[in-house]
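Novice: My structure is in coords.txt, and what it holds is compact mmCIF, C-alpha atoms:
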```
# COMPACT_ATOMS: atom_id res chain seq x y z
CA MET A 1 27.53 -45.96 22.40
CA ILE A 2 26.34 -42.92 20.44
CA ARG A 3 27.81 -39.67 21.62
CA GLN A 4 25.32 -36.84 22.03
CA PRO A 5 26.30 -33.54 20.42
CA SER A 6 27.20 -30.85 22.93
CA PRO A 7 24.67 -28.05 23.34
CA PRO A 8 25.48 -24.72 21.69
CA ALA A 9 27.43 -22.21 23.74
CA ILE A 10 24.47 -19.88 24.08
CA GLY A 11 26.19 -17.77 26.72
CA ALA A 12 29.15 -17.08 24.46
CA ILE A 13 26.81 -16.26 21.58
CA VAL A 14 24.75 -13.84 23.70
CA LYS A 15 27.90 -12.18 25.06
CA SER A 16 29.41 -11.87 21.58
CA ILE A 17 26.28 -10.28 20.08
CA ARG A 18 25.83 -8.02 23.12
CA LYS A 19 29.40 -6.73 22.85
CA HIS A 20 29.08 -6.33 19.07
CA ARG A 21 26.02 -4.15 19.69
CA ASN A 22 27.96 -2.15 22.33
CA LEU A 23 25.48 -3.05 25.06
CA THR A 24 26.26 -3.43 28.74
CA LEU A 25 24.70 -6.23 30.77
CA GLU A 26 22.46 -3.62 32.38
CA GLN A 27 21.27 -2.27 29.01
CA LEU A 28 20.50 -5.77 27.74
CA ALA A 29 18.67 -6.53 30.99
CA GLN A 30 16.48 -3.45 30.50
CA ARG A 31 15.74 -4.31 26.85
CA SER A 32 15.05 -8.00 27.44
CA HIS A 33 13.42 -7.84 30.89
CA VAL A 34 15.84 -10.57 31.99
CA SER A 35 17.69 -9.77 35.22
CA LYS A 36 21.31 -8.68 35.06
CA SER A 37 22.35 -11.54 37.37
CA MET A 38 20.56 -14.10 35.15
CA LEU A 39 22.26 -12.65 32.05
CA SER A 40 25.63 -12.92 33.77
CA GLN A 41 24.97 -16.57 34.63
CA ILE A 42 23.87 -17.30 31.05
CA GLU A 43 26.96 -15.61 29.57
CA ARG A 44 29.26 -17.56 31.92
CA GLU A 45 27.48 -20.82 30.92
CA LEU A 46 26.38 -21.39 34.53
CA THR A 47 22.74 -21.82 33.52
CA ASN A 48 20.75 -22.58 30.41
CA PRO A 49 18.02 -20.11 29.45
CA THR A 50 14.40 -21.16 29.05
CA ILE A 51 12.67 -20.80 25.68
CA ALA A 52 10.88 -17.70 27.02
CA THR A 53 14.22 -16.18 28.05
CA LEU A 54 15.72 -17.02 24.64
CA TRP A 55 12.75 -15.34 22.97
CA SER A 56 13.24 -12.18 25.09
CA LEU A 57 16.98 -12.10 24.41
CA ALA A 58 16.53 -12.65 20.67
CA HIS A 59 14.14 -9.70 20.41
CA ALA A 60 16.32 -7.49 22.60
CA LEU A 61 19.38 -8.28 20.46
CA ASP A 62 17.38 -8.04 17.21
CA VAL A 63 18.29 -11.57 16.09
CA SER A 64 16.33 -14.78 15.60
CA ILE A 65 16.26 -17.55 18.21
CA THR A 66 17.94 -19.74 15.60
CA GLU A 67 20.92 -17.39 15.58
CA LEU A 68 21.20 -17.65 19.37
CA VAL A 69 21.41 -21.44 19.33
CA SER A 70 23.58 -21.77 16.24
CA GLN A 71 27.17 -22.91 16.85
CA ALA A 72 28.23 -21.16 13.64
CA HIS A 73 26.99 -17.84 14.95
CA VAL A 74 29.76 -17.70 17.58
CA GLU A 75 32.32 -16.92 14.90
CA THR A 76 30.15 -14.58 12.81
CA ALA A 77 28.74 -12.60 15.74
CA ILE A 78 32.13 -11.04 16.42
CA ALA A 79 32.63 -9.81 12.85
CA PRO A 80 30.73 -6.68 11.84
CA THR A 81 27.47 -7.47 10.09
CA LYS A 82 27.13 -5.72 6.75
CA ILE A 83 23.45 -6.56 6.26
CA GLU A 84 21.07 -7.35 9.09
CA VAL A 85 18.03 -9.37 8.07
CA MET A 86 14.75 -10.02 9.89
CA ARG A 87 13.12 -12.96 8.16
CA SER A 88 9.40 -12.65 7.47
CA HIS A 89 8.45 -15.46 9.83
CA HIS A 90 10.34 -13.70 12.68
CA THR A 91 8.65 -10.31 12.17
CA PRO A 92 6.39 -9.60 15.17
CA THR A 93 2.75 -8.78 14.38
CA ILE A 94 0.19 -6.94 16.49
CA ALA A 95 -3.52 -7.38 15.80
CA SER A 96 -6.38 -5.13 16.87
CA GLN A 97 -8.93 -6.60 19.29
CA ASP A 98 -11.29 -7.43 16.42
CA SER A 99 -8.37 -8.80 14.32
CA LYS A 100 -9.36 -6.56 11.37
CA CYS A 101 -6.13 -4.54 11.60
CA LYS A 102 -2.66 -6.05 11.65
CA LEU A 103 0.58 -4.18 12.25
CA ARG A 104 3.85 -5.92 11.35
CA ILE A 105 6.66 -4.34 13.35
CA LEU A 106 9.43 -3.57 10.86
CA SER A 107 11.63 -1.35 13.02
CA PRO A 108 14.36 -2.70 15.29
CA ILE A 109 13.69 -2.88 19.00
CA SER A 110 16.51 -0.39 19.60
CA SER A 111 14.49 2.42 17.95
CA ALA A 112 11.29 1.83 19.96
CA GLY A 113 9.76 5.04 21.24
CA ALA A 114 11.76 7.28 18.90
CA THR A 115 11.22 6.01 15.35
CA GLU A 116 9.02 3.02 14.64
CA TRP A 117 7.71 1.71 11.33
CA TYR A 118 5.04 -0.81 10.54
CA GLU A 119 3.30 -2.51 7.67
CA LEU A 120 -0.43 -1.92 8.21
CA VAL A 121 -3.00 -4.33 6.74
CA MET A 122 -6.68 -3.47 7.19
CA GLU A 123 -9.81 -5.36 6.23
CA PRO A 124 -12.72 -3.37 4.70
CA ASN A 125 -14.42 -1.09 7.27
CA ALA A 126 -11.63 -1.72 9.80
CA CYS A 127 -10.66 1.18 12.04
CA LEU A 128 -7.45 1.60 14.02
CA GLU A 129 -7.97 4.14 16.82
CA SER A 130 -5.08 5.50 18.87
CA GLU A 131 -4.89 7.58 22.00
CA PRO A 132 -2.44 10.50 21.91
CA HIS A 133 1.22 9.47 21.84
CA ALA A 134 4.15 11.49 23.24
CA SER A 135 4.03 15.27 22.89
CA GLY A 136 5.46 16.41 19.55
CA SER A 137 5.14 13.00 17.88
CA TYR A 138 4.02 12.54 14.27
CA GLU A 139 2.89 9.66 12.10
CA HIS A 140 3.64 9.31 8.39
CA LEU A 141 1.22 7.05 6.52
CA THR A 142 1.84 5.93 2.93
CA VAL A 143 -0.99 3.98 1.29
CA LEU A 144 0.29 1.07 -0.80
CA SER A 145 -3.16 -0.15 -1.85
CA GLY A 146 -6.74 0.73 -1.04
CA ASP A 147 -8.46 3.85 0.31
CA LEU A 148 -7.98 5.12 3.86
CA LEU A 149 -9.47 7.91 5.92
CA VAL A 150 -7.09 9.51 8.43
CA LYS A 151 -8.32 11.60 11.35
CA SER A 152 -6.08 13.56 13.73
CA GLY A 153 -7.86 15.71 16.28
CA THR A 154 -10.61 17.54 14.38
CA TYR A 155 -8.98 17.14 10.96
CA GLU A 156 -9.54 14.33 8.48
CA GLN A 157 -8.22 13.43 5.03
CA THR A 158 -9.00 10.70 2.49
CA LEU A 159 -5.97 8.92 1.04
CA ASN A 160 -5.75 6.72 -2.05
CA SER A 161 -3.06 4.33 -3.21
CA GLY A 162 0.28 6.15 -3.44
CA ASP A 163 -0.74 9.05 -1.16
CA THR A 164 1.20 9.98 1.99
CA ALA A 165 -0.18 11.85 4.99
CA ARG A 166 1.80 13.35 7.87
CA TYR A 167 -0.15 14.25 10.98
CA PRO A 168 0.25 14.91 14.71
CA ALA A 169 0.15 11.71 16.75
CA ASP A 170 -0.03 13.55 20.06
CA LEU A 171 -3.79 13.94 19.49
CA HIS A 172 -6.49 11.28 19.38
CA HIS A 173 -6.16 9.84 15.85
CA GLN A 174 -7.48 7.02 13.73
CA ILE A 175 -7.04 5.28 10.40
CA GLN A 176 -10.06 3.71 8.71
CA ASN A 177 -10.31 1.53 5.62
CA ILE A 178 -13.15 3.14 3.65
CA GLY A 179 -12.74 0.89 0.62
CA GLU A 180 -14.36 -2.42 -0.23
CA GLU A 181 -11.04 -4.30 -0.37
CA GLU A 182 -8.13 -4.93 1.97
CA ALA A 183 -5.88 -1.87 2.34
CA ARG A 184 -2.12 -1.90 2.92
CA ALA A 185 0.07 0.94 4.09
CA LEU A 186 3.41 1.81 5.66
CA LEU A 187 3.09 3.63 8.97
CA VAL A 188 6.04 5.47 10.51
CA TYR A 189 5.95 6.95 14.03
CA VAL A 190 8.51 9.69 14.81
CA LEU A 191 9.12 11.48 18.08
```
Have the structure of the file written as structure tokens, please.
Specialist:
Amino acid sequence: MIRQPSPPAIGAIVKSIRKHRNLTLEQLAQRSHVSKSMLSQIERELTNPTIATLWSLAHALDVSITELVSQAHVETAIAPTKIEVMRSHHTPTIASQDSKCKLRILSPISSAGATEWYELVMEPNACLESEPHASGSYEHLTVLSGDLLVKSGTYEQTLNSGDTARYPADLHHQIQNIGEEEARALLVYVL
């Protein structure tokens, strides 16, 4: 008879990472949108999380799903991490409705709403329009390649490769690719 390997101790892994990040059950529940009682059951190995729950927990803890199900991670999660890595294939991406603009979310979930940074990729003639963000917020846009037009309120400025613009994000604003080729930029939101 072949013995099946035991499943990974996901609860212990989640608890270890949560404690390493100095998060309470309540804080992790708020970040992951998984109830506090469910988290408690998962950590005590009373229930196994669904794939959707694993996905939510991984993003809330800023780790990959693979790290959550890895037996080896139990030992390493307790030790301080010197370098945290988000692999390219785990980096979340947001696309505009017409799919001509893509934003790769480079910032950790823990900084959402305060400081966020993105890699912006825009097809020719693409336009990314944004409603006003929080009062006092700014965006910093550095063009890596291509030509972009930035508008904030009634002001506008053309940017070329290597240029950086800083502008109020608490006004209606937009970024438009005015070139004939794909444009790439780094976009940082600061409150």
Novice: Report, in Å with one decimal, the straight-line distance from atom CA of Asn125 of chain A to atom CA of Val188 of chain A.
Specialist: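 So the answer is 21.7 Å.
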Novice: If we count all atoms listed in the file, what is near segment 57-60 of chain A at a cut-off of 6 Å, once residues fewer than 4 positions away on the same chain are taken out, given as a list of chain:residue names?
Specialist: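 The contact residues come out as A:Arg31, A:Ser32, A:Ser64, A:Ile65.
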Novice: Report, in Å to a single decimal, how far apart atom CA of His133 of chain A and atom CA of Ile105 of chain A are.
Specialist: 17.1 Å
Novice: What does the structure give for the distance between atom CA of Leu61 of chain A and atom CA of His33 of chain A, in Å to one decimal?
Specialist: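 Distance reported for this atom pair: 12.0 Å.
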Novice: When you count only C-alpha atoms, which of these residues is closest to Glu26 of chain A: A:Leu141, A:Leu39, A:Val14, A:Leu171?
Specialist: A:Leu39
